[in-house]
Amino acid sequence: MTRYAIQRLLLLVPTLFFVALITFALARAAPGSPFDRNQDRPLPQATIERLNRIYGLDKPMHEQFVLFLGNAVRFDFGSSLVRDRAVADIVKQQFPVSAQLGVQALLLALAIALPLGVISALRHNSAVDYGSLLFATIGTTIPSFVLAIFAIYIFSVNLHWLPVFGWGTVDKMVLPTIILSLGPMAFLTRITRASMLEAIRQDYVRTARAKGLSEQAVIVGHAMKNAMIPVATVLGPFTAFLITGSFLIETVFSVPGLGREFVRSIGSRDYPVIMGVFLLFAFLIAAANLTVDLVYGVLDPRIKVGK
Amino acid sequence: MHRKTPWSLLAMLISLALVAAACQPAPTTTPGGATTAPGAPAATAAAGDADPDATLVTNLGSEPDSIDPHKASFVGEIAVIMNVFEGLMILDPKTLKPIPGAASAKAAVSSDGLKYTYTLRDGTKWSDGSPVSAKDFAYGYTRTCDPATAGQYSYVLYVIVGCEDWNSMDVTKATAAELQAAKDKLGVKALDDKRVEFTLNEPAPYFDSIATLWVGVPARESDVTKGGDAWTESPATYIGNGPFKMTEWKHNDSFTFERNENYRLPVKLKKWTYVMINETAVAFAAYQNDQLDITGVTSENLRAVEADATLKAQMVDVPGDCDIYAGYNLKKPPFDDLKVRMAFSKSVDRAAFVETVLAGIGKPADGGFIPVGQPGYDPADKAQAFDVAAAKKLLSESQYATAMPPIKFTFASSNLNKLIMSFLQQQWKTNLGVEVALDPVESTVFTQLVKSPETTPQLFRLGWCLDFPHEQNWHSTVWKSGAGVSAARTGYNNPEFDRLTGLADRETDPAKAADLYIQAGKILSQDAPATWIYYTQSKRLVKPWVKGLSISARGVTGLGKHDIYVAKH
């Protein structure tokens, strides 16, 4: 297990290298430069060339990439070409906000989805089950920003219960957290229900019942543990997706997270920010997947990771 | 000054939802005594109804890229800078003419018109209480011209001797000695602690207007050196001489400003917060929820506002300072033929455009390049007036009458731009029978395309928002052959236009200068390197408790900031 974890961690190095290479190539291949910002007054080409020299963008691509790598291994991602800020500062200030929003949304989603999914499975085709199906359908089909708008209209504009925008105090976090959690919550509910339904029909559950175990022990100790494997599988990417910042939710609620900064950096060809944020996201996704793989072994002894 | 294209990804959807929502009777939180028109200037300096602890909350839209006055160029950036700093001159909110700011009077001009000398007011101070010196102003101007600052607005000072030469140097190639030599030639000098002198390349009677700009605000060299690149980040080094001081900058979230007790005038407002809401529709919801005191009205939410008596009473009109136009590449067919350009120009029903596309928020371009309300506006310029019969005749006389090449209309993709361009496309099809294909591209790509006539598309969207209210900043800055911002891209070149604007730029008699600019403007419209479409205007919602506003083309809170206050409510 330890050996497996170490192997997987080592694999991160080539993974991140290729992510960096592809991102670098794609960012540079997009037309335009970070200095093409003013439609109504484009900078003269001579000025752009001068700026390119100042920021080293005139060097051959491979040379720039090697320079980038050299700095990146020392965790130096340079400064934004558009803003007066270092990439590290942008990430340091904006990522915790996205991460907090994401973790809150994930915990909320789990807190609702797991019990709801299990109950729906145990009482399938009951009113609870149909109710949860309706909720899940709404949650997965209506885009989060549409729900966000309705939430703003109902709870802020009409009822004046909650603020429309902002971050930092509990009342400001309520709407973005709930809205961001709805999609994952709906999906997790369905997947929990499906795998739970499958689990309770397994032979080992029948055996457990035959042994005379209490219903609670059968469900929690035997059925649920196995039913969690598919849930854990999707939880990895979900976590990464949620904590890296949802551009839409951050935009609608004006949350100062990394998601908005990320989309902004792509639009303005802010290469150092693009690289820094992409690598962070790649690392988080890889780490989330690794965690899931390791958790499999705990959930189901039949899965032997690393063998 | 430049407007950023707002995030438009969600704007439509959000707006639709909110419009639908707001059409129902809204929860009325009408504050009593809303009899005073919003934005009415404060009756007295005492402002007895002011709430001493109130905070004004306004929307900046998005995080500024830079709040360094000697680098910045966007509206949101300038809104921060001009809270904290003040230039030698400021704009009179009513006339938009330059009046003394940190200087005690307009510049003393030498007899040859080349030397402008400003004297600072007595006792002018930084917000930390220490005196402002003429050296701090000289440092500010020098920093803007310094190539190492890499500012994007330096060109506006190129009328100062040596600024262009030094600013155009390549700091990676030039030696320190060469850079120093260029710096020494710069025509900016502090004569003593009170007087700063500018030497110009040619007489420029509009220099007082330039002295109102953010690029010319003072800075204390010790603050900039101490803070390094991050001097703008910290309230400890971002110190100014303006009506407010920045006390906090939460990135992507908000700015907080507090009254500068050391400002030369009493400042009525204690605290001012700028928040950063990208979506205008969300800002509208925040305004309805009393989280914002002022917000913009867009053509999408105008209907909702007008349907609600309370909101409607809070709406104010704000003059604009931009002209939006369709540019032609004069080197590419069919627009190398004046008759085709004129036919296109005369076949656009601008009044219908403003009504349908802009929902009335804007003015039809009915008088040449310079917008209504700005010095130089010429209502008699009817060269491009809507006239379908004349347009058809011109087209039939053009060299492309029988064989029109395919035409593509290129623009930066945004919801508003798509609406605008579709309308124009329809006009040309209906009125001239010419098919124009729309070609929306990403804004960065667009900017790169339109840099020179070689790569500039045949037909493309253009616009100009003034830097300072003077004809020079319209005609000469934009259309002077070669260097002019729009001339460079369309390939426009008319020696007579250049001659007239050149004379006007140097003319010290304002009446004569105005007449020369009018003549030049008529030539420009007749040459039709572009079709003037509309002049921007805007509408804002202002809570009735916000008082003392000076509404101008600089916005509702852009000028007269020290007079703004929040009344008890």
# chains A, B, ... in the order shown; residues from 1 in each chain; ligands from 1
>>> interface_residues(of="chain A", to="chain B", cutoff="9 Å", atoms="only C-alpha atoms", output="PyMOL selection string")
chain A and resi 30-47+50-51+53-54+82-85+90+93-94+145-146+149-150+152-153+156-160+162-167+248+251-257+260-261+267-269
>>> select_by_dssp(residues="segment 116-235 of chain B", states="alpha helix (DSSP H)", output="ChimeraX atom specification")
/B:134-145,163-167,176-184,207-210,221-227
>>> write_last_selection(atoms="N, CA, C and O atoms", output="CSV table (one decimal), in the first residue's frame")
chain,number,residue,atom,x,y,z
B,134,ALA,N,6.3,70.4,-5.2
B,134,ALA,CA,6.3,70.4,-6.6
B,134,ALA,C,7.1,69.2,-7.2
B,134,ALA,O,6.9,68.7,-8.3
B,135,LYS,N,8.1,68.8,-6.4
B,135,LYS,CA,8.9,67.7,-6.8
B,135,LYS,C,8.1,66.4,-6.9
B,135,LYS,O,8.4,65.5,-7.7
B,136,ASP,N,7.1,66.3,-6.1
B,136,ASP,CA,6.2,65.1,-6.1
B,136,ASP,C,5.4,65.0,-7.4
B,136,ASP,O,5.2,64.0,-8.0
B,137,PHE,N,5.0,66.2,-7.9
B,137,PHE,CA,4.3,66.3,-9.2
B,137,PHE,C,5.3,66.0,-10.3
B,137,PHE,O,5.0,65.2,-11.2
B,138,ALA,N,6.5,66.6,-10.2
B,138,ALA,CA,7.5,66.3,-11.3
B,138,ALA,C,7.8,64.8,-11.3
B,138,ALA,O,7.9,64.2,-12.4
B,139,TYR,N,7.9,64.2,-10.1
B,139,TYR,CA,8.2,62.8,-10.1
B,139,TYR,C,7.0,62.0,-10.8
B,139,TYR,O,7.3,61.0,-11.5
B,140,GLY,N,5.8,62.4,-10.5
B,140,GLY,CA,4.6,61.7,-11.1
B,140,GLY,C,4.7,61.7,-12.6
B,140,GLY,O,4.6,60.7,-13.3
B,141,TYR,N,4.9,62.9,-13.2
B,141,TYR,CA,4.9,63.1,-14.6
B,141,TYR,C,6.1,62.3,-15.2
B,141,TYR,O,6.0,61.6,-16.2
B,142,THR,N,7.2,62.4,-14.5
B,142,THR,CA,8.4,61.7,-15.0
B,142,THR,C,8.2,60.2,-15.0
B,142,THR,O,8.6,59.5,-16.0
B,143,ARG,N,7.6,59.7,-14.0
B,143,ARG,CA,7.3,58.3,-13.9
B,143,ARG,C,6.4,57.8,-15.0
B,143,ARG,O,6.6,56.7,-15.5
B,144,THR,N,5.4,58.6,-15.4
B,144,THR,CA,4.6,58.2,-16.5
B,144,THR,C,5.4,58.1,-17.8
B,144,THR,O,5.1,57.2,-18.6
B,145,CYS,N,6.3,59.0,-18.0
B,145,CYS,CA,7.1,59.0,-19.3
B,145,CYS,C,8.2,57.9,-19.2
B,145,CYS,O,8.8,57.6,-20.2
B,163,CYS,N,9.4,63.3,-23.8
B,163,CYS,CA,8.6,62.2,-23.2
B,163,CYS,C,8.5,61.0,-24.2
B,163,CYS,O,8.8,59.9,-23.8
B,164,GLU,N,8.2,61.3,-25.5
B,164,GLU,CA,8.1,60.2,-26.4
B,164,GLU,C,9.4,59.5,-26.7
B,164,GLU,O,9.4,58.3,-26.7
B,165,ASP,N,10.5,60.3,-26.8
B,165,ASP,CA,11.8,59.7,-27.1
B,165,ASP,C,12.2,58.8,-26.0
B,165,ASP,O,12.6,57.6,-26.2
B,166,TRP,N,12.1,59.3,-24.7
B,166,TRP,CA,12.5,58.5,-23.6
B,166,TRP,C,11.6,57.3,-23.4
B,166,TRP,O,12.0,56.1,-23.3
B,167,ASN,N,10.3,57.5,-23.5
B,167,ASN,CA,9.3,56.5,-23.3
B,167,ASN,C,9.4,55.3,-24.3
B,167,ASN,O,9.1,54.2,-24.1
B,176,ALA,N,22.4,52.3,-19.2
B,176,ALA,CA,21.9,53.2,-18.1
B,176,ALA,C,22.2,54.7,-18.5
B,176,ALA,O,21.4,55.6,-18.2
B,177,ALA,N,23.4,54.9,-19.1
B,177,ALA,CA,23.8,56.3,-19.5
B,177,ALA,C,22.8,56.8,-20.5
B,177,ALA,O,22.4,58.0,-20.4
B,178,GLU,N,22.5,56.0,-21.5
B,178,GLU,CA,21.6,56.5,-22.6
B,178,GLU,C,20.2,56.8,-22.0
B,178,GLU,O,19.6,57.8,-22.3
B,179,LEU,N,19.7,55.9,-21.1
B,179,LEU,CA,18.4,56.2,-20.4
B,179,LEU,C,18.5,57.5,-19.6
B,179,LEU,O,17.5,58.3,-19.7
B,180,GLN,N,19.5,57.7,-18.9
B,180,GLN,CA,19.7,58.9,-18.1
B,180,GLN,C,19.7,60.1,-19.0
B,180,GLN,O,19.1,61.1,-18.6
B,181,ALA,N,20.4,60.0,-20.1
B,181,ALA,CA,20.5,61.2,-21.0
B,181,ALA,C,19.1,61.5,-21.5
B,181,ALA,O,18.8,62.7,-21.6
B,182,ALA,N,18.3,60.5,-21.8
B,182,ALA,CA,17.0,60.8,-22.3
B,182,ALA,C,16.1,61.4,-21.2
B,182,ALA,O,15.3,62.3,-21.5
B,183,LYS,N,16.3,60.9,-20.0
B,183,LYS,CA,15.5,61.4,-18.9
B,183,LYS,C,15.9,62.8,-18.6
B,183,LYS,O,15.0,63.7,-18.4
B,184,ASP,N,17.2,63.2,-18.8
B,184,ASP,CA,17.6,64.5,-18.5
B,184,ASP,C,17.0,65.5,-19.5
B,184,ASP,O,16.9,66.7,-19.2
B,207,PHE,N,-3.2,72.0,-22.7
B,207,PHE,CA,-2.4,71.3,-21.7
B,207,PHE,C,-3.1,71.3,-20.3
B,207,PHE,O,-2.9,70.4,-19.5
B,208,ASP,N,-3.8,72.4,-20.0
B,208,ASP,CA,-4.5,72.5,-18.7
B,208,ASP,C,-5.5,71.3,-18.6
B,208,ASP,O,-5.7,70.8,-17.5
B,209,SER,N,-6.1,70.8,-19.7
B,209,SER,CA,-7.0,69.7,-19.6
B,209,SER,C,-6.2,68.4,-19.4
B,209,SER,O,-6.6,67.5,-18.6
B,210,ILE,N,-5.0,68.3,-20.0
B,210,ILE,CA,-4.1,67.1,-19.7
B,210,ILE,C,-3.7,67.1,-18.3
B,210,ILE,O,-3.7,66.0,-17.7
B,221,GLU,N,8.2,59.7,-4.0
B,221,GLU,CA,9.2,58.8,-4.5
B,221,GLU,C,9.5,57.8,-3.4
B,221,GLU,O,9.7,56.6,-3.7
B,222,SER,N,9.6,58.2,-2.1
B,222,SER,CA,9.9,57.3,-1.0
B,222,SER,C,8.9,56.2,-0.9
B,222,SER,O,9.2,55.1,-0.6
B,223,ASP,N,7.6,56.5,-1.1
B,223,ASP,CA,6.5,55.5,-1.0
B,223,ASP,C,6.7,54.4,-2.1
B,223,ASP,O,6.6,53.2,-1.9
B,224,VAL,N,7.0,54.9,-3.3
B,224,VAL,CA,7.1,54.0,-4.5
B,224,VAL,C,8.3,53.2,-4.3
B,224,VAL,O,8.3,52.0,-4.6
B,225,THR,N,9.4,53.8,-3.9
B,225,THR,CA,10.6,53.0,-3.7
B,225,THR,C,10.5,52.0,-2.6
B,225,THR,O,10.8,50.8,-2.7
B,226,LYS,N,9.8,52.4,-1.5
B,226,LYS,CA,9.7,51.5,-0.3
B,226,LYS,C,8.8,50.3,-0.7
B,226,LYS,O,9.1,49.2,-0.4
B,227,GLY,N,7.7,50.6,-1.4
B,227,GLY,CA,6.7,49.5,-1.7
B,227,GLY,C,7.1,48.7,-2.9
B,227,GLY,O,6.6,47.6,-3.1
>>> residues_around(residues="segment 186-191 of chain A", least_positions_apart="2", cutoff="9 Å", atoms="only C-alpha atoms", output="PyMOL selection string")
chain A and resi 109-110+112-118+120+132-133+135-140+181-184+193-196+230-231+234-235
>>> residues_around(residues="Ala391 of chain B", least_positions_apart="4", cutoff="12 Å", atoms="only C-alpha atoms", output="list of chain:residue names")
B:Leu338, B:Lys339, B:Val340, B:Arg341, B:Met342, B:Ala343, B:Phe344, B:Ser345, B:Lys346, B:Ser347, B:Val348, B:Asp349, B:Ala383, B:Gln384, B:Ala385, B:Phe386, B:Asp387, B:Leu395, B:Ser396, B:Glu397, B:Ser398, B:Ala401, B:Gln427, B:Trp428, B:Thr430, B:Asn431, B:Leu432, B:Gly433, B:Val434
>>> residues_around(residues="Ser98 of chain A", least_positions_apart="4", cutoff="6 Å", atoms="only C-alpha atoms", output="ChimeraX atom specification")
/A:102,243,245,257-258
>>> residues_around(residues="Ile518 of chain B", least_positions_apart="5", cutoff="10 Å", atoms="only C-alpha atoms", output="VMD selection string")
chain B and resid 368 370 376 to 378 380 to 381 471 475 500 to 501 504 512 to 513 523 to 524
